>>> print(open('input_9.cif').read())   # mmCIF, C-alpha atoms
data_data
loop_
_atom_site.label_atom_id
_atom_site.label_comp_id
_atom_site.auth_asym_id
_atom_site.auth_seq_id
_atom_site.Cartn_x
_atom_site.Cartn_y
_atom_site.Cartn_z
CA MET A 1014 207.98 30.72 60.95
CA PRO A 1015 206.10 27.91 62.73
CA ALA A 1016 208.25 25.59 64.82
CA PHE A 1017 207.12 22.51 62.90
CA LEU A 1018 208.47 24.04 59.68
CA ASP A 1019 211.83 24.66 61.34
CA GLN A 1020 211.87 21.05 62.49
CA GLN A 1021 210.89 19.87 59.03
CA HIS A 1022 213.68 21.89 57.37
CA LEU A 1023 216.17 20.65 59.94
CA HIS A 1024 215.09 17.06 59.31
CA VAL A 1025 215.53 17.49 55.53
CA PHE A 1026 218.95 19.08 56.05
CA LEU A 1027 220.10 16.30 58.38
CA MET A 1028 218.85 13.57 56.06
CA SER A 1029 220.57 15.19 53.08
CA THR A 1030 223.81 15.43 55.06
CA VAL A 1031 223.57 11.78 56.11
CA ARG A 1032 222.89 10.77 52.50
CA LEU A 1033 225.95 12.72 51.32
CA GLY A 1034 228.01 11.10 54.06
CA ALA A 1035 226.90 7.65 52.94
CA TRP A 1036 227.81 8.44 49.32
CA LEU A 1037 231.20 9.72 50.48
CA VAL A 1038 231.90 6.42 52.23
CA ILE A 1039 230.95 4.51 49.06
CA LEU A 1040 233.17 6.74 46.91
CA ALA A 1041 236.07 6.29 49.31
CA ILE A 1042 235.64 2.50 49.35
CA ILE A 1043 235.72 2.46 45.54
CA PHE A 1044 238.42 5.00 44.73
CA LEU A 1045 240.95 4.86 47.55
CA PRO A 1046 242.07 1.28 46.77
CA LEU A 1047 241.98 1.92 43.00
CA GLU A 1048 244.08 5.07 43.31
CA ARG A 1049 246.61 3.15 45.37
CA LEU A 1050 246.80 0.25 42.91
CA PHE A 1051 246.62 2.15 39.61
CA ALA A 1052 247.99 5.58 40.48
CA VAL A 1053 249.25 7.97 37.81
CA HIS A 1054 251.31 9.78 40.44
CA GLN A 1055 252.44 8.52 43.82
CA GLN A 1056 251.29 11.33 46.08
CA LYS A 1057 250.28 12.19 49.62
CA ILE A 1058 247.39 14.65 49.92
CA PRO A 1059 247.82 17.16 52.79
CA GLY A 1060 245.15 16.86 55.47
CA LYS A 1061 244.21 20.54 55.12
CA THR A 1062 243.55 20.06 51.41
CA VAL A 1063 241.39 17.02 52.10
CA ALA A 1064 239.40 18.99 54.69
CA ILE A 1065 238.75 21.85 52.24
CA ASN A 1066 237.67 19.44 49.52
CA LEU A 1067 235.33 17.72 51.97
CA GLY A 1068 233.83 21.11 52.75
CA TYR A 1069 233.19 21.69 49.05
CA TYR A 1070 231.75 18.19 48.77
CA PHE A 1071 229.04 18.90 51.32
CA LEU A 1072 228.41 22.47 50.15
CA ASN A 1073 227.95 21.38 46.56
CA GLY A 1074 225.79 18.48 47.64
CA LEU A 1075 223.40 20.76 49.54
CA LEU A 1076 223.30 24.17 47.84
CA PRO A 1077 223.06 23.79 44.03
CA GLY A 1078 219.74 21.94 44.08
CA LEU A 1079 218.18 24.80 46.02
CA LEU A 1080 219.68 27.47 43.78
CA LEU A 1081 218.74 25.68 40.54
CA ALA A 1082 215.05 25.11 41.32
CA ALA A 1083 213.84 28.63 40.54
CA PRO A 1084 215.72 29.26 37.24
CA LEU A 1085 214.87 25.80 35.89
CA SER A 1086 211.19 26.23 36.72
CA LEU A 1087 211.27 29.63 35.02
CA ALA A 1088 212.98 28.10 31.97
CA ALA A 1089 210.32 25.38 31.80
CA TRP A 1090 207.54 27.96 32.08
CA GLY A 1091 209.10 30.07 29.32
CA ALA A 1092 209.62 27.06 27.08
CA TYR A 1093 206.00 26.04 27.57
CA HIS A 1094 204.87 29.41 26.22
CA ILE A 1095 207.51 29.84 23.48
CA VAL A 1096 208.42 26.41 22.11
CA PRO A 1097 205.75 24.94 19.81
CA TYR A 1098 203.43 22.59 21.66
CA SER A 1099 203.79 19.97 18.91
CA LEU A 1100 207.52 19.67 19.63
CA HIS A 1101 207.04 19.14 23.37
CA ALA A 1102 204.18 16.71 22.72
CA ALA A 1103 206.42 14.66 20.42
CA VAL A 1104 209.24 14.65 22.98
CA VAL A 1105 206.93 13.62 25.83
CA ALA A 1106 205.78 10.69 23.70
CA TRP A 1107 209.30 9.28 23.48
CA PRO A 1108 210.10 6.29 25.70
CA LEU A 1109 211.88 7.24 28.90
CA TRP A 1110 215.19 5.63 27.88
CA LEU A 1111 215.30 7.78 24.72
CA ARG A 1112 214.52 10.93 26.67
CA ILE A 1113 217.32 10.13 29.11
CA LEU A 1114 219.76 9.44 26.26
CA VAL A 1115 218.87 12.66 24.42
CA GLY A 1116 218.90 14.54 27.71
CA LEU A 1117 222.41 13.29 28.50
CA ILE A 1118 223.72 14.35 25.08
CA VAL A 1119 221.97 17.73 25.06
CA GLY A 1120 223.00 18.31 28.68
CA GLU A 1121 226.60 17.44 27.92
CA ILE A 1122 226.70 19.92 25.04
CA GLY A 1123 225.25 22.62 27.30
CA SER A 1124 227.75 21.81 30.07
CA TYR A 1125 230.58 21.88 27.53
CA TRP A 1126 229.76 25.47 26.63
CA GLY A 1127 229.17 26.48 30.24
CA HIS A 1128 232.55 25.01 31.14
CA ARG A 1129 234.24 26.67 28.17
CA TRP A 1130 232.72 30.05 29.04
CA ALA A 1131 233.97 29.58 32.61
CA HIS A 1132 237.48 29.55 31.13
CA GLN A 1133 237.02 32.32 28.59
CA ILE A 1134 234.99 34.93 30.48
CA PRO A 1135 237.16 36.60 33.13
CA LEU A 1136 234.46 36.96 35.80
CA LEU A 1137 233.39 33.32 35.43
CA TRP A 1138 237.02 32.20 35.49
CA ARG A 1139 237.37 33.96 38.82
CA PHE A 1140 234.96 31.40 40.28
CA HIS A 1141 236.14 28.44 38.20
CA SER A 1142 239.81 29.00 39.02
CA ILE A 1143 239.16 27.62 42.51
CA HIS A 1144 238.52 24.22 40.95
CA HIS A 1145 241.69 24.47 38.86
CA SER A 1146 243.83 25.55 41.80
CA ALA A 1147 244.18 21.91 42.88
CA GLU A 1148 247.81 20.89 42.42
CA GLN A 1149 247.12 17.19 42.95
CA LEU A 1150 244.30 15.30 41.28
CA TYR A 1151 242.32 12.59 43.01
CA PHE A 1152 238.63 11.69 43.04
CA LEU A 1153 237.53 14.28 45.62
CA VAL A 1154 238.86 17.18 43.52
CA SER A 1155 235.69 16.76 41.46
CA ALA A 1156 233.78 18.37 44.34
CA ARG A 1157 236.29 21.22 44.74
CA ALA A 1158 234.30 24.03 43.11
CA HIS A 1159 232.75 27.28 44.17
CA PRO A 1160 228.98 26.61 44.58
CA LEU A 1161 228.11 29.45 42.16
CA ASP A 1162 230.48 28.00 39.56
CA ASN A 1163 228.87 24.61 40.10
CA VAL A 1164 225.38 26.09 39.70
CA PHE A 1165 226.31 27.98 36.53
CA ILE A 1166 227.76 24.95 34.72
CA ARG A 1167 224.89 22.70 35.84
CA LEU A 1168 222.39 25.30 34.69
CA CYS A 1169 224.06 25.44 31.27
CA GLY A 1170 223.68 21.67 31.03
CA LEU A 1171 220.09 21.45 32.25
CA PHE A 1172 218.72 24.55 30.51
CA PRO A 1173 218.70 23.17 26.92
CA ALA A 1174 217.28 19.86 28.12
CA VAL A 1175 214.49 21.72 29.92
CA VAL A 1176 213.73 23.96 26.92
CA LEU A 1177 213.63 20.94 24.61
CA GLY A 1178 211.22 19.29 27.01
CA VAL A 1179 213.14 16.12 27.83
CA ALA A 1180 213.96 17.30 31.36
CA SER A 1181 211.13 19.66 32.22
CA PRO A 1182 210.63 19.92 36.01
CA LEU A 1183 206.91 20.43 35.30
CA THR A 1184 206.50 16.72 34.52
CA ALA A 1185 207.31 13.68 36.66
CA SER A 1186 209.32 11.95 33.94
CA GLY A 1187 211.14 15.20 33.18
CA GLY A 1188 212.36 15.21 36.77
CA VAL A 1189 213.72 11.69 36.27
CA VAL A 1190 215.65 12.83 33.18
CA ALA A 1191 217.06 15.86 34.99
CA LEU A 1192 218.15 13.64 37.87
CA ALA A 1193 219.79 11.22 35.44
CA ILE A 1194 221.75 14.06 33.82
CA VAL A 1195 223.00 15.38 37.16
CA LEU A 1196 223.82 11.92 38.56
CA ALA A 1197 225.69 10.80 35.45
CA ALA A 1198 227.78 13.98 35.32
CA THR A 1199 228.48 13.85 39.06
CA ILE A 1200 229.50 10.19 39.18
CA TRP A 1201 231.65 10.45 36.06
CA GLY A 1202 233.18 13.63 37.45
CA PHE A 1203 234.67 11.69 40.38
CA PHE A 1204 236.07 9.12 37.95
CA ILE A 1205 237.76 11.53 35.53
CA HIS A 1206 239.41 13.43 38.39
CA ALA A 1207 240.73 10.23 39.98
CA ASN A 1208 244.44 9.53 40.19
CA LEU A 1209 244.09 6.57 37.82
CA ARG A 1210 246.20 5.62 34.83
CA TRP A 1211 243.40 3.69 33.13
CA ARG A 1212 243.02 4.12 29.38
CA PHE A 1213 240.10 2.86 27.27
CA GLY A 1214 241.88 2.26 23.99
CA PRO A 1215 239.78 2.79 20.84
CA ILE A 1216 236.66 3.85 22.76
CA GLU A 1217 238.40 6.89 24.28
CA TRP A 1218 236.89 8.94 21.50
CA LEU A 1219 233.47 8.04 22.91
CA ILE A 1220 233.90 8.01 26.71
CA ALA A 1221 236.04 10.38 28.78
CA THR A 1222 238.87 8.92 30.84
CA PRO A 1223 240.98 10.34 33.67
CA ALA A 1224 243.79 10.92 31.14
CA PHE A 1225 241.45 13.04 29.01
CA HIS A 1226 240.50 15.25 31.92
CA HIS A 1227 243.93 15.36 33.52
CA TRP A 1228 245.13 17.25 30.44
CA HIS A 1229 242.41 19.79 31.16
CA HIS A 1230 244.03 20.46 34.56
CA THR A 1231 247.67 20.59 33.47
CA LEU A 1232 249.71 23.57 34.67
CA VAL A 1233 252.23 24.09 31.88
CA GLU A 1234 250.47 22.87 28.75
CA PRO A 1235 247.39 24.78 27.46
CA ARG A 1236 244.39 24.00 29.61
CA ASP A 1237 241.87 25.33 27.13
CA ARG A 1238 241.11 21.79 26.00
CA ASN A 1239 238.87 18.87 26.94
CA TYR A 1240 235.84 20.67 28.38
CA ALA A 1241 233.41 17.74 28.13
CA SER A 1242 232.92 15.63 31.24
CA MET A 1243 231.65 12.40 29.65
CA LEU A 1244 231.62 12.66 25.84
CA PRO A 1245 235.00 13.69 24.41
CA TRP A 1246 233.70 13.66 20.83
CA ILE A 1247 232.00 16.97 21.66
CA ASP A 1248 235.48 18.45 22.06
CA ARG A 1249 236.40 16.96 18.69
CA ILE A 1250 233.43 18.69 17.08
CA PHE A 1251 234.32 22.09 18.57
CA GLY A 1252 238.08 21.79 18.08
CA THR A 1253 239.20 21.54 21.71
CA TYR A 1254 240.19 17.86 21.93
CA TYR A 1255 243.68 16.99 23.17
CA LEU A 1256 244.81 13.52 24.23
CA PRO A 1257 248.30 12.35 23.27
CA PRO A 1258 248.50 8.53 23.20
CA ASN A 1259 251.36 7.80 25.59
CA GLN A 1260 251.77 10.92 27.65
CA LEU A 1261 250.23 12.37 30.81
CA PRO A 1262 250.73 15.75 32.48
CA SER A 1263 253.22 15.94 35.32
CA THR A 1264 251.98 19.10 37.04
CA TYR A 1265 248.55 20.56 37.76
CA GLY A 1266 247.07 23.79 39.02
CA ILE A 1267 247.19 27.47 38.06
CA ALA A 1268 249.87 30.14 38.30
CA THR A 1269 247.65 32.55 40.23
CA LYS A 1270 247.77 32.30 44.00
CA ILE A 1271 244.38 31.90 45.69
CA PRO A 1272 243.55 31.90 49.42
CA GLU A 1273 244.15 28.71 51.36
CA SER A 1274 241.10 28.52 53.64
CA LEU A 1275 237.64 27.45 52.55
CA SER A 1276 235.94 30.63 53.77
CA GLU A 1277 238.45 32.86 52.00
CA GLN A 1278 238.12 30.86 48.78
CA LEU A 1279 234.34 31.28 48.84
CA LEU A 1280 234.75 35.06 49.12
CA TYR A 1281 237.72 35.28 46.74
CA PRO A 1282 235.77 35.67 43.45
CA LEU A 1283 233.66 38.46 44.94
CA ARG A 1284 236.51 40.58 46.26
CA SER A 1285 238.30 41.60 43.05
CA LEU A 1286 237.47 44.55 40.89
CA PRO A 1287 236.82 43.82 37.20
CA LYS A 1288 240.16 45.34 36.16
CA GLN A 1289 241.92 42.86 38.43
CA ILE A 1290 240.17 39.78 37.15
CA GLY A 1291 242.30 37.40 35.10
CA SER A 1292 241.30 34.53 32.82
CA ALA A 1293 242.44 31.01 32.09
CA SER A 1294 244.45 32.33 29.14
CA ASP A 1295 246.29 34.72 31.47
CA ASP A 1296 247.16 31.82 33.76
CA ASN A 1297 248.38 29.82 30.78
CA LYS A 1298 250.73 32.67 29.85
CA LYS A 1299 252.04 32.83 33.43
CA SER A 1300 252.46 29.04 33.45
CA GLY A 1301 254.53 29.29 30.29
CA GLU A 1302 256.73 31.94 31.89
CA ILE A 1303 257.19 29.70 34.94
CA ALA A 1304 258.15 26.76 32.72
CA GLN A 1305 260.81 28.87 30.98
#
>>> encode(input="input_9.cif", output="structure tokens")
Amino acid sequence: MPAFLDQQHLHVFLMSTVRLGAWLVILAIIFLPLERLFAVHQQKIPGKTVAINLGYYFLNGLLPGLLLAAPLSLAAWGAYHIVPYSLHAAVVAWPLWLRILVGLIVGEIGSYWGHRWAHQIPLLWRFHSIHHSAEQLYFLVSARAHPLDNVFIRLCGLFPAVVLGVASPLTASGGVVALAIVLAATIWGFFIHANLRWRFGPIEWLIATPAFHHWHHTLVEPRDRNYASMLPWIDRIFGTYYLPPNQLPSTYGIATKIPESLSEQLLYPLRSLPKQIGSASDDNKKSGEIAQ
């Protein structure tokens, strides 16, 4: 490979890392004071846990975009040849704001099912359980996910939007819609994982809150609820909504023990034979036994 290409790739990598670092500072400035003032639980996060979550933050900021490019381009190419041209032409004619709105809704429905499958399919749960292994919730837990789990759920969200044509990477405006979907889900993800006791009253049926998502991470109560990241009414439609009015979970995590180091966690889903792989339901049963 020519030296100038190596330098170019290094420059892109360094700039992406700096950009992620800048965003991390902004997130910390926003959430650290809020979590101190409006905490659900008074807690001290171990330094080792923070370090691991920071590792996931940078990994998931750098890798998924590279891994998603090929399958999304293939999906767009397939949709171009399979979906009627008249449908894509009509979608392209929509104003950008409408395409973004439809893209967000379609993407959220796709992510809902990707997230739900990650709980129901044992092999996918093997990857997703790393995210649920967090025993304390705060904003940075949003980034605590195996990169392949992150890619799968993002792909489930972007795929229907690409097939419909609102977020096709083959068009400039489609790229804007895809970026809007990813940014909205990412930013809201930090919010719903935050250690905040904020509630939104009557509009909680429309917009997800930390309380809504905290119940998704509870250890003892059933976790097979609240899969949407932004639009909780999707859970209402599919029968997985759970949000008691004046109650919040007291414990988080999973019953299964996973490795403690970042490198071991990245290899963990790949090391088990199929017969050894558990699911979220299995962990719920174990959690119930622990509670008894």
>>> resolve_selection(input="input_9.cif", expression="the PyMOL selection byres ((chain A and resi 1187) around 10)", output="number ranges by chain")
A: 1105, 1109, 1112-1113, 1116, 1174-1175, 1178-1186, 1188-1193
>>> atom_distance(input="input_9.cif", atom1="CA of Val1154 in chain A", atom2="CA of Asn1066 in chain A")
6.5 Å
>>> resolve_selection(input="input_9.cif", expression="the PyMOL selection byres ((chain A and resi 1073-1079) around 7)", output="list in words")
Leu1033, Tyr1069, Tyr1070, Phe1071, Leu1072, Leu1080, Leu1081, Ala1082, Ala1156, Pro1160 and Val1164 of chain A
>>> resolve_selection(input="input_9.cif", expression="the PyMOL selection byres ((chain A and resi 1273) around 12)", output="PyMOL selection string")
chain A and resi 1061-1062+1064-1066+1143+1146-1147+1270-1272+1274-1281
>>> atom_distance(input="input_9.cif", atom1="CA of Ile1042 in chain A", atom2="CA of His1145 in chain A")
25.1 Å
>>> build_atoms(input="input_9.cif", residues="range 1209-1227 of chain A", atoms="N, CA and C atoms", output="compact mmCIF listing (two decimals), in the frame of the given file")
# COMPACT_ATOMS: atom_id res chain seq x y z
N LEU A 1209 244.10 7.89 38.45
CA LEU A 1209 244.09 6.57 37.82
C LEU A 1209 244.75 6.64 36.45
N ARG A 1210 245.52 5.65 36.13
CA ARG A 1210 246.20 5.62 34.83
C ARG A 1210 245.44 4.81 33.79
N TRP A 1211 244.18 4.49 34.05
CA TRP A 1211 243.40 3.69 33.13
C TRP A 1211 243.21 4.40 31.79
N ARG A 1212 243.33 3.63 30.72
CA ARG A 1212 243.02 4.12 29.38
C ARG A 1212 242.02 3.16 28.75
N PHE A 1213 241.18 3.66 27.85
CA PHE A 1213 240.10 2.86 27.27
C PHE A 1213 240.35 2.47 25.81
N GLY A 1214 241.57 2.68 25.35
CA GLY A 1214 241.88 2.26 23.99
C GLY A 1214 241.03 2.95 22.95
N PRO A 1215 240.52 2.19 21.96
CA PRO A 1215 239.78 2.79 20.84
C PRO A 1215 238.51 3.53 21.26
N ILE A 1216 237.93 3.19 22.40
CA ILE A 1216 236.66 3.85 22.76
C ILE A 1216 236.88 5.17 23.53
N GLU A 1217 238.16 5.62 23.62
CA GLU A 1217 238.40 6.89 24.28
C GLU A 1217 237.81 8.07 23.52
N TRP A 1218 237.53 7.85 22.25
CA TRP A 1218 236.89 8.94 21.50
C TRP A 1218 235.43 9.09 21.91
N LEU A 1219 234.88 8.05 22.54
CA LEU A 1219 233.47 8.04 22.91
C LEU A 1219 233.24 8.39 24.38
N ILE A 1220 234.08 7.86 25.26
CA ILE A 1220 233.90 8.01 26.71
C ILE A 1220 235.13 8.67 27.32
N ALA A 1221 234.93 9.66 28.16
CA ALA A 1221 236.04 10.38 28.78
C ALA A 1221 236.74 9.51 29.82
N THR A 1222 238.04 9.64 29.89
CA THR A 1222 238.87 8.92 30.84
C THR A 1222 239.58 9.92 31.76
N PRO A 1223 240.18 9.43 32.86
CA PRO A 1223 240.98 10.34 33.67
C PRO A 1223 242.08 11.03 32.86
N ALA A 1224 242.73 10.31 31.94
CA ALA A 1224 243.79 10.92 31.14
C ALA A 1224 243.25 12.11 30.35
N PHE A 1225 242.08 11.96 29.77
CA PHE A 1225 241.45 13.04 29.01
C PHE A 1225 241.27 14.28 29.87
N HIS A 1226 240.78 14.09 31.08
CA HIS A 1226 240.50 15.25 31.92
C HIS A 1226 241.74 15.76 32.64
N HIS A 1227 242.70 14.90 32.89
CA HIS A 1227 243.93 15.36 33.52
C HIS A 1227 244.62 16.41 32.65
